[in-house]
Amino acid sequence: MFDSLFHKNPARSKYRIDDVDNPELLREIYPYNNICRVAFDDSFIMPRPPEEIFITDTTFRDGQQARPPFTVKQIADIYELMHKLAGRSGLIRQSEFFLYSDKDKKAVHACRDKGYKYPEITGWIRANKDDLKLVKDMELPETGMLTSVSDYHIFLKLGKSRAQAARDYLELVEAALDWDIIPRCHFEDITRADIYGFCIPLAQKMMELSKQKGLPVKIRLCDTMGFGVPYPGASLPRSVSKIVRTFTDEAQVPSEWLEWHGHNDFHKGFINATTAWIYGCSGVNATLFGFGERTGNAPLEALVVEYISLTGDDDAAYTPAITELARYFQKNLHVDIPPNYPFAGRDFNATSAGIHVDGLLKNQEIYNIFDTAKVLHRDVPIIITDKTGRAGVAYWINHNLNISEDQHVDKRHPAVGKIYDKIMRSYEKGRTTNYSHEEMQKLVRRFIPDLFMSDFDQLKALAKKVLTNIMKELADNPGMDTMDKSRIDASLKGFLREYPFIQYMYVTDLNGCLLTWNVSDIGDLSKYKQVEAGTDLSDREWFIKPVKTGKLYITDFYKSFFTGKLCLTASTPIFTAEDEIVGVLGADIRFDELVKIQEGLADDQEMFHEE
């Protein structure tokens, strides 16, 4: 890294806010009716990396604006893995959170309770004092605050003049400093702003406040629309390098107080981020796998790899955590990471150039970018072609289907031979391309169906995932443990209105005697009237299992005696506050309804169980 001697004699011009009457929309480079232009001024500046560079995270703020909201548990889990990836070294320095809802606050507490120094938890607020009070109440040491700087935002969105906007921003910064909160001012839409007519004089005033109050005032340079460019000789306000240097040199913002936040609208999110590093910005803001509003942000995991590439500091991160995060996003968040996505996609380190099993140990370095087995705990995937052989087919099955070791197949397995023969016949008929993952899955499913879950098993697994939270929530409802029939009836009716796929819901006491029941479809009432309160159900498997294990139990599918529908039953114990079982809650679920709404059920489970 270059040291501070390179910056011994900085420019110290004093700038004033140019309080124009009309907004400057820079139509010569942003015509709107056409694709934006890149202007050059033939002025070149040399790279000057700061003494320290690091990554900040906005997965739980900007990233969450591009997908269904995370649950509290998901945020805590991802935060844990982020710490594992590069929080221990402080490379991932901070992570920002919303603070508005109860769920937002629970997420902050869940992550803060882990006791990690890094990533440090910070807030994000709009530019008003009511929002700032949220930060104070949460006792956070730092918060980002929205301080938009382009005339597009100041005039057209906020309806203010530049002088009014600057006055309001500075007032909020001073309030934060008075409460011992470090403000991080998000200079929104910096690449369409008047750099010397507004941004630099505003930043200079913020640095004066910092000196007066004895606390940092940080600035985030937000390339909101992804207009920034990394080209040498490009002019302001689109040149990333010149934006960074005007703030470090003209506004005298220390590099460690400066942060770049860029979007990927023009496929430059990542290169602009690294350009900001190289020209003097210590912090680069990112999200896991690049999730963010519109086209997304710089991918955090890619910046981790780039940091190691730039510094040679292999110990700054535990890179196999990238693989763990990818698997978490795929399994728990149902995120479809493209197969060729760098570092995390299923086939990112595969090649169609002829690598096959017999040659893996001999020549994987020819095509593999680095030792992915060591760095990411990712083996080199096999590509299925006419050169693969039976061993290759077996290798593909064992390494691509997430099957247990005891399910692994040998190249001598008869079905492997059938799959291989099918593949070879296709090449004999003129095929020239390799077999895709999806094609191989279909072949394996056809010849070795036992390796895959049946449709029934998948539905049962889905039912368990959804009903685990629904049944627990109802069983934990106030009044359920009193075994008072009227209170239980009210709870059952409310749940059946919300979850009409449940055909029949009922409660027994600890001896298996039916206390009460209800149905979701009024047309089914007459079918169940023969079931009387007090009926002994203690011999039913759905009663016996929860009483013995204290856990949710789900039966296999069966034909309902009452409705003739294909159903399964879920049952769970009802506990007192002292964790004593006092009864069992049961629910019969219709198979046909489960099939129709299986995806909706999965989404509903995410919303229902916020923690």
# chains A, B, ... in the order shown; residues from 1 in each chain; ligands from 1
>>> select_by_dssp(residues="range 9-249 of chain A", states="alpha helix (DSSP H)", output="VMD selection string")
chain A and resid 72 to 86 102 to 112 129 to 138 151 162 to 178 200 to 213 240 to 245
>>> select_by_dssp(residues="range 190-234 of chain A", states="strand (DSSP E)", output="list in words")
Lys218, Ile219, Arg220, Leu221, Cys222 and Asp223 of chain A
>>> closest_residue(among="A:Thr311, A:Thr555, A:Thr508, A:Ser486", to="Asp536 in chain A", atoms="only C-alpha atoms")
A:Thr508
>>> residues_around(residues="range 377-382 of chain A", least_positions_apart="5", cutoff="10 Å", atoms="only C-alpha atoms", output="PyMOL selection string")
chain A and resi 319-324+343-344+346-352+354-357+360+364+367-368+371-372+388+392-393+395-397+399-400
>>> write_last_selection(atoms="N, CA, C and O atoms", output="CSV table (one decimal), in the first residue's frame")
chain,number,residue,atom,x,y,z
A,319,THR,N,-12.2,-18.4,3.2
A,319,THR,CA,-12.9,-18.4,1.9
A,319,THR,C,-13.9,-19.6,1.8
A,319,THR,O,-14.9,-19.4,1.0
A,320,PRO,N,-13.7,-20.7,2.4
A,320,PRO,CA,-14.7,-21.8,2.3
A,320,PRO,C,-16.1,-21.3,2.8
A,320,PRO,O,-17.1,-21.9,2.4
A,321,ALA,N,-16.2,-20.2,3.6
A,321,ALA,CA,-17.5,-19.7,4.0
A,321,ALA,C,-18.3,-19.2,2.8
A,321,ALA,O,-19.5,-19.1,2.9
A,322,ILE,N,-17.6,-18.9,1.7
A,322,ILE,CA,-18.4,-18.4,0.5
A,322,ILE,C,-19.3,-19.6,0.1
A,322,ILE,O,-20.4,-19.4,-0.3
A,323,THR,N,-18.7,-20.8,0.1
A,323,THR,CA,-19.5,-22.0,-0.3
A,323,THR,C,-20.6,-22.2,0.7
A,323,THR,O,-21.7,-22.5,0.3
A,324,GLU,N,-20.3,-22.0,2.0
A,324,GLU,CA,-21.4,-22.2,3.0
A,324,GLU,C,-22.5,-21.2,2.8
A,324,GLU,O,-23.7,-21.6,2.9
A,343,PHE,N,-17.4,-18.3,-8.2
A,343,PHE,CA,-17.1,-18.7,-6.9
A,343,PHE,C,-18.2,-19.4,-6.2
A,343,PHE,O,-18.0,-20.1,-5.2
A,344,ALA,N,-19.4,-19.3,-6.6
A,344,ALA,CA,-20.6,-19.8,-5.9
A,344,ALA,C,-21.5,-20.7,-6.7
A,344,ALA,O,-22.3,-21.5,-6.2
A,346,ARG,N,-23.0,-23.6,-9.2
A,346,ARG,CA,-22.8,-25.0,-9.2
A,346,ARG,C,-21.6,-25.5,-10.1
A,346,ARG,O,-20.8,-26.3,-9.8
A,347,ASP,N,-21.5,-24.8,-11.3
A,347,ASP,CA,-20.5,-25.3,-12.3
A,347,ASP,C,-19.5,-24.2,-12.6
A,347,ASP,O,-18.8,-24.2,-13.6
A,348,PHE,N,-19.2,-23.3,-11.6
A,348,PHE,CA,-18.4,-22.2,-12.0
A,348,PHE,C,-16.9,-22.6,-12.3
A,348,PHE,O,-16.2,-22.0,-13.1
A,349,ASN,N,-16.5,-23.7,-11.7
A,349,ASN,CA,-15.1,-24.2,-11.9
A,349,ASN,C,-15.1,-25.4,-12.8
A,349,ASN,O,-14.1,-26.2,-12.8
A,350,ALA,N,-16.2,-25.6,-13.5
A,350,ALA,CA,-16.2,-26.7,-14.5
A,350,ALA,C,-15.8,-26.2,-15.9
A,350,ALA,O,-15.8,-25.0,-16.1
A,351,THR,N,-15.4,-27.1,-16.7
A,351,THR,CA,-15.1,-26.7,-18.1
A,351,THR,C,-15.6,-27.7,-19.1
A,351,THR,O,-15.8,-28.9,-18.7
A,352,SER,N,-16.0,-27.2,-20.2
A,352,SER,CA,-16.5,-28.1,-21.3
A,352,SER,C,-15.4,-28.5,-22.2
A,352,SER,O,-15.6,-29.1,-23.3
A,354,GLY,N,-13.2,-30.9,-21.9
A,354,GLY,CA,-12.8,-32.3,-22.0
A,354,GLY,C,-12.2,-32.8,-20.7
A,354,GLY,O,-11.7,-34.0,-20.7
A,355,ILE,N,-12.2,-32.1,-19.6
A,355,ILE,CA,-11.8,-32.7,-18.3
A,355,ILE,C,-12.7,-33.8,-18.0
A,355,ILE,O,-14.0,-33.7,-18.1
A,356,HIS,N,-12.2,-35.0,-17.7
A,356,HIS,CA,-13.0,-36.1,-17.2
A,356,HIS,C,-12.3,-36.8,-16.1
A,356,HIS,O,-11.2,-36.5,-15.7
A,357,VAL,N,-13.0,-37.8,-15.5
A,357,VAL,CA,-12.6,-38.3,-14.2
A,357,VAL,C,-11.1,-38.8,-14.3
A,357,VAL,O,-10.3,-38.5,-13.4
A,360,LEU,N,-8.7,-35.8,-14.0
A,360,LEU,CA,-8.9,-34.8,-13.0
A,360,LEU,C,-7.6,-34.5,-12.2
A,360,LEU,O,-7.2,-33.4,-12.0
A,364,GLN,N,-6.3,-30.7,-13.8
A,364,GLN,CA,-7.3,-29.7,-13.4
A,364,GLN,C,-6.8,-28.3,-13.3
A,364,GLN,O,-7.5,-27.4,-13.6
A,367,TYR,N,-7.3,-25.9,-16.3
A,367,TYR,CA,-8.6,-25.2,-16.5
A,367,TYR,C,-9.1,-24.5,-15.2
A,367,TYR,O,-10.0,-23.7,-15.3
A,368,ASN,N,-8.7,-24.9,-14.1
A,368,ASN,CA,-9.2,-24.4,-12.8
A,368,ASN,C,-8.5,-23.1,-12.4
A,368,ASN,O,-7.3,-23.0,-12.5
A,371,ASP,N,-6.9,-23.6,-6.7
A,371,ASP,CA,-7.3,-24.9,-6.1
A,371,ASP,C,-8.6,-24.7,-5.4
A,371,ASP,O,-8.6,-24.3,-4.2
A,372,THR,N,-9.7,-24.8,-6.1
A,372,THR,CA,-11.0,-24.6,-5.5
A,372,THR,C,-11.3,-25.5,-4.4
A,372,THR,O,-12.1,-25.2,-3.5
A,388,THR,N,-16.3,-39.4,-21.2
A,388,THR,CA,-16.4,-39.4,-19.7
A,388,THR,C,-16.2,-40.8,-19.1
A,388,THR,O,-15.5,-41.0,-18.2
A,392,GLY,N,-16.9,-41.7,-14.9
A,392,GLY,CA,-17.4,-40.3,-14.9
A,392,GLY,C,-18.8,-40.2,-14.5
A,392,GLY,O,-19.2,-39.3,-13.8
A,393,VAL,N,-19.6,-41.1,-15.1
A,393,VAL,CA,-21.1,-41.1,-14.8
A,393,VAL,C,-21.3,-41.3,-13.3
A,393,VAL,O,-22.1,-40.6,-12.6
A,395,TYR,N,-19.1,-40.7,-10.9
A,395,TYR,CA,-18.6,-39.5,-10.2
A,395,TYR,C,-19.6,-38.4,-10.2
A,395,TYR,O,-19.8,-37.7,-9.2
A,396,TRP,N,-20.2,-38.2,-11.4
A,396,TRP,CA,-21.2,-37.1,-11.5
A,396,TRP,C,-22.4,-37.3,-10.5
A,396,TRP,O,-22.8,-36.4,-9.8
A,397,ILE,N,-22.9,-38.5,-10.5
A,397,ILE,CA,-24.0,-38.9,-9.6
A,397,ILE,C,-23.6,-38.6,-8.2
A,397,ILE,O,-24.4,-38.0,-7.4
A,399,HIS,N,-21.4,-36.7,-6.9
A,399,HIS,CA,-21.0,-35.3,-6.5
A,399,HIS,C,-21.9,-34.2,-6.9
A,399,HIS,O,-21.7,-33.1,-6.5
A,400,ASN,N,-23.0,-34.6,-7.5
A,400,ASN,CA,-24.0,-33.6,-7.9
A,400,ASN,C,-25.4,-33.7,-7.4
A,400,ASN,O,-26.2,-32.8,-7.5
>>> closest_residue(among="A:Gln64, A:Leu451, A:Asp19, A:Pro49", to="Ala166 in chain A", atoms="only C-alpha atoms")
A:Asp19
>>> closest_residue(among="A:Ala251, A:Asp410, A:Ser282, A:Val229", to="Asn264 in chain A", atoms="only C-alpha atoms")
A:Val229
>>> residues_around(residues="range 185-197 of chain A", least_positions_apart="3", cutoff="8 Å", atoms="only C-alpha atoms", output="MDAnalysis selection string")
chainID A and resid 15:19 24:26 144:153 200:201 217:225 227:228 236:239 243
>>> residues_around(residues="Gln330 in chain A", least_positions_apart="4", cutoff="12 Å", atoms="only C-alpha atoms", output="list in words")
Phe289, Thr323, Glu324, Leu325, Ala326, His334, Val335, Asp336, Ile337, Pro338, Pro339, Ala344, Gly345 and Arg346 of chain A
>>> write_last_selection(atoms="all heavy atoms", output="CSV table (one decimal), in the first residue's frame")
chain,number,residue,atom,x,y,z
A,289,PHE,N,-23.5,-11.9,-2.9
A,289,PHE,CA,-24.0,-12.3,-4.2
A,289,PHE,C,-24.6,-11.2,-5.0
A,289,PHE,O,-25.3,-11.4,-6.0
A,289,PHE,CB,-24.9,-13.5,-4.1
A,289,PHE,CG,-24.4,-14.6,-3.3
A,289,PHE,CD1,-25.0,-15.0,-2.1
A,289,PHE,CD2,-23.2,-15.3,-3.7
A,289,PHE,CE1,-24.5,-16.0,-1.3
A,289,PHE,CE2,-22.7,-16.3,-2.9
A,289,PHE,CZ,-23.3,-16.7,-1.7
A,323,THR,N,-18.7,-20.8,0.1
A,323,THR,CA,-19.5,-22.0,-0.3
A,323,THR,C,-20.6,-22.2,0.7
A,323,THR,O,-21.7,-22.5,0.3
A,323,THR,CB,-18.6,-23.2,-0.4
A,323,THR,OG1,-17.5,-22.9,-1.4
A,323,THR,CG2,-19.3,-24.4,-0.8
A,324,GLU,N,-20.3,-22.0,2.0
A,324,GLU,CA,-21.4,-22.2,3.0
A,324,GLU,C,-22.5,-21.2,2.8
A,324,GLU,O,-23.7,-21.6,2.9
A,324,GLU,CB,-20.8,-22.1,4.4
A,324,GLU,CG,-19.7,-23.2,4.7
A,324,GLU,CD,-19.1,-23.0,6.1
A,324,GLU,OE1,-19.9,-22.7,7.0
A,324,GLU,OE2,-17.9,-23.2,6.2
A,325,LEU,N,-22.1,-20.0,2.5
A,325,LEU,CA,-23.2,-19.0,2.3
A,325,LEU,C,-24.0,-19.3,1.0
A,325,LEU,O,-25.2,-19.1,1.1
A,325,LEU,CB,-22.5,-17.6,2.1
A,325,LEU,CG,-22.1,-16.9,3.4
A,325,LEU,CD1,-21.1,-15.8,3.2
A,325,LEU,CD2,-23.3,-16.3,4.1
A,326,ALA,N,-23.4,-19.7,0.0
A,326,ALA,CA,-24.1,-20.1,-1.2
A,326,ALA,C,-25.1,-21.2,-1.0
A,326,ALA,O,-26.2,-21.1,-1.4
A,326,ALA,CB,-23.1,-20.5,-2.3
A,334,HIS,N,-34.1,-20.4,-0.9
A,334,HIS,CA,-34.6,-20.8,-2.2
A,334,HIS,C,-34.1,-19.8,-3.3
A,334,HIS,O,-34.8,-19.6,-4.2
A,334,HIS,CB,-36.1,-20.9,-2.2
A,334,HIS,CG,-36.6,-21.7,-1.0
A,334,HIS,ND1,-36.4,-23.0,-0.8
A,334,HIS,CD2,-37.4,-21.3,0.1
A,334,HIS,CE1,-37.0,-23.4,0.3
A,334,HIS,NE2,-37.5,-22.4,0.9
A,335,VAL,N,-32.9,-19.4,-3.1
A,335,VAL,CA,-32.3,-18.5,-4.1
A,335,VAL,C,-31.6,-19.3,-5.2
A,335,VAL,O,-30.9,-20.2,-4.9
A,335,VAL,CB,-31.2,-17.5,-3.5
A,335,VAL,CG1,-30.4,-16.8,-4.5
A,335,VAL,CG2,-31.9,-16.5,-2.5
A,336,ASP,N,-31.9,-19.0,-6.4
A,336,ASP,CA,-31.4,-19.7,-7.6
A,336,ASP,C,-30.1,-19.0,-8.0
A,336,ASP,O,-30.2,-18.1,-8.8
A,336,ASP,CB,-32.4,-19.8,-8.7
A,336,ASP,CG,-32.0,-20.6,-9.9
A,336,ASP,OD1,-31.1,-21.4,-9.7
A,336,ASP,OD2,-32.5,-20.4,-11.0
A,337,ILE,N,-29.0,-19.5,-7.5
A,337,ILE,CA,-27.7,-18.9,-8.0
A,337,ILE,C,-27.4,-19.5,-9.3
A,337,ILE,O,-27.3,-20.7,-9.5
A,337,ILE,CB,-26.6,-19.2,-6.9
A,337,ILE,CG1,-26.9,-18.5,-5.6
A,337,ILE,CG2,-25.2,-18.7,-7.5
A,337,ILE,CD1,-25.9,-18.8,-4.5
A,338,PRO,N,-27.1,-18.7,-10.4
A,338,PRO,CA,-26.8,-19.2,-11.7
A,338,PRO,C,-25.7,-20.2,-11.6
A,338,PRO,O,-24.7,-20.0,-10.9
A,338,PRO,CB,-26.4,-18.0,-12.5
A,338,PRO,CG,-27.2,-16.8,-11.8
A,338,PRO,CD,-27.1,-17.2,-10.3
A,339,PRO,N,-25.8,-21.3,-12.4
A,339,PRO,CA,-24.7,-22.3,-12.3
A,339,PRO,C,-23.3,-21.8,-12.6
A,339,PRO,O,-22.3,-22.3,-12.1
A,339,PRO,CB,-25.2,-23.4,-13.4
A,339,PRO,CG,-26.6,-23.2,-13.5
A,339,PRO,CD,-26.9,-21.7,-13.2
A,344,ALA,N,-19.4,-19.3,-6.6
A,344,ALA,CA,-20.6,-19.8,-5.9
A,344,ALA,C,-21.5,-20.7,-6.7
A,344,ALA,O,-22.3,-21.5,-6.2
A,344,ALA,CB,-21.4,-18.7,-5.2
A,345,GLY,N,-21.5,-20.5,-8.0
A,345,GLY,CA,-22.4,-21.3,-8.9
A,345,GLY,C,-22.0,-22.8,-8.9
A,345,GLY,O,-20.8,-23.1,-8.7
A,346,ARG,N,-23.0,-23.6,-9.2
A,346,ARG,CA,-22.8,-25.0,-9.2
A,346,ARG,C,-21.6,-25.5,-10.1
A,346,ARG,O,-20.8,-26.3,-9.8
A,346,ARG,CB,-24.1,-25.7,-9.7
A,346,ARG,CG,-24.0,-27.3,-9.6
A,346,ARG,CD,-25.2,-27.8,-10.3
A,346,ARG,NE,-25.2,-27.5,-11.7
A,346,ARG,CZ,-26.3,-27.1,-12.4
A,346,ARG,NH1,-27.4,-26.9,-11.8
A,346,ARG,NH2,-26.2,-26.8,-13.7
>>> closest_residue(among="A:Arg37, A:Lys465, A:Lys472, A:Arg48", to="Ile278 in chain A", atoms="only C-alpha atoms")
A:Arg48
>>> residues_around(residues="Asp102 in chain A", least_positions_apart="4", cutoff="12 Å", atoms="only C-alpha atoms", output="list in words")
Thr71, Val72, Phe98, Lys106, Ala107, Val108, His109, Leu134, Met138, Glu610 and Glu611 of chain A
>>> residues_around(residues="Met82 in chain A", least_positions_apart="3", cutoff="12 Å", atoms="only C-alpha atoms", output="ChimeraX atom specification")
/A:55-60,75-79,85-95,111,116,118-120,287-288,300-301,304,317-326,328
>>> write_last_selection(atoms="C-alpha atoms", output="tab-separated table (two decimals), in the first residue's frame")
chain	number	residue	atom	x	y	z
A	55	ILE	CA	-15.51	-4.03	3.00
A	56	THR	CA	-18.81	-2.90	4.48
A	57	ASP	CA	-22.03	-4.83	4.05
A	58	THR	CA	-25.56	-3.81	3.12
A	59	THR	CA	-27.11	-7.24	2.56
A	60	PHE	CA	-29.75	-6.63	5.23
A	75	ILE	CA	-30.45	-12.56	9.26
A	76	ALA	CA	-28.74	-13.99	12.36
A	77	ASP	CA	-27.55	-17.04	10.43
A	78	ILE	CA	-26.18	-15.00	7.52
A	79	TYR	CA	-24.52	-12.54	9.90
A	85	LEU	CA	-15.98	-15.36	6.21
A	86	ALA	CA	-14.09	-12.19	7.07
A	87	GLY	CA	-15.43	-10.64	10.26
A	88	ARG	CA	-12.76	-12.07	12.53
A	89	SER	CA	-10.04	-10.09	10.75
A	90	GLY	CA	-12.17	-6.98	10.38
A	91	LEU	CA	-12.04	-7.16	6.58
A	92	ILE	CA	-15.84	-7.10	6.62
A	93	ARG	CA	-15.93	-4.08	8.88
A	94	GLN	CA	-19.61	-3.18	9.22
A	95	SER	CA	-23.12	-4.30	8.34
A	111	CYS	CA	-26.88	-10.26	15.78
A	116	TYR	CA	-18.75	-10.06	17.59
A	118	TYR	CA	-16.95	-7.29	13.33
A	119	PRO	CA	-19.02	-6.81	11.31
A	120	GLU	CA	-20.01	-3.85	13.50
A	287	THR	CA	-23.99	-7.26	-0.66
A	288	LEU	CA	-23.71	-11.03	-0.65
A	300	LEU	CA	-19.28	-8.99	-1.27
A	301	GLU	CA	-17.73	-12.43	-1.77
A	304	VAL	CA	-13.16	-10.66	-0.46
A	317	ALA	CA	-10.74	-14.39	5.16
A	318	TYR	CA	-11.94	-17.96	5.59
A	319	THR	CA	-12.90	-18.39	1.94
A	320	PRO	CA	-14.74	-21.75	2.27
A	321	ALA	CA	-17.46	-19.73	4.01
A	322	ILE	CA	-18.37	-18.43	0.52
A	323	THR	CA	-19.49	-21.97	-0.33
A	324	GLU	CA	-21.36	-22.23	2.98
A	325	LEU	CA	-23.17	-18.95	2.27
A	326	ALA	CA	-24.10	-20.06	-1.24
A	328	TYR	CA	-27.47	-21.42	2.77
>>> closest_residue(among="A:Gln65, A:Tyr231, A:Val466, A:Phe561", to="Lys527 in chain A", atoms="only C-alpha atoms")
A:Phe561
>>> closest_residue(among="A:Ile45, A:Ile181, A:Phe562, A:Asp509", to="Gln530 in chain A", atoms="only C-alpha atoms")
A:Phe562
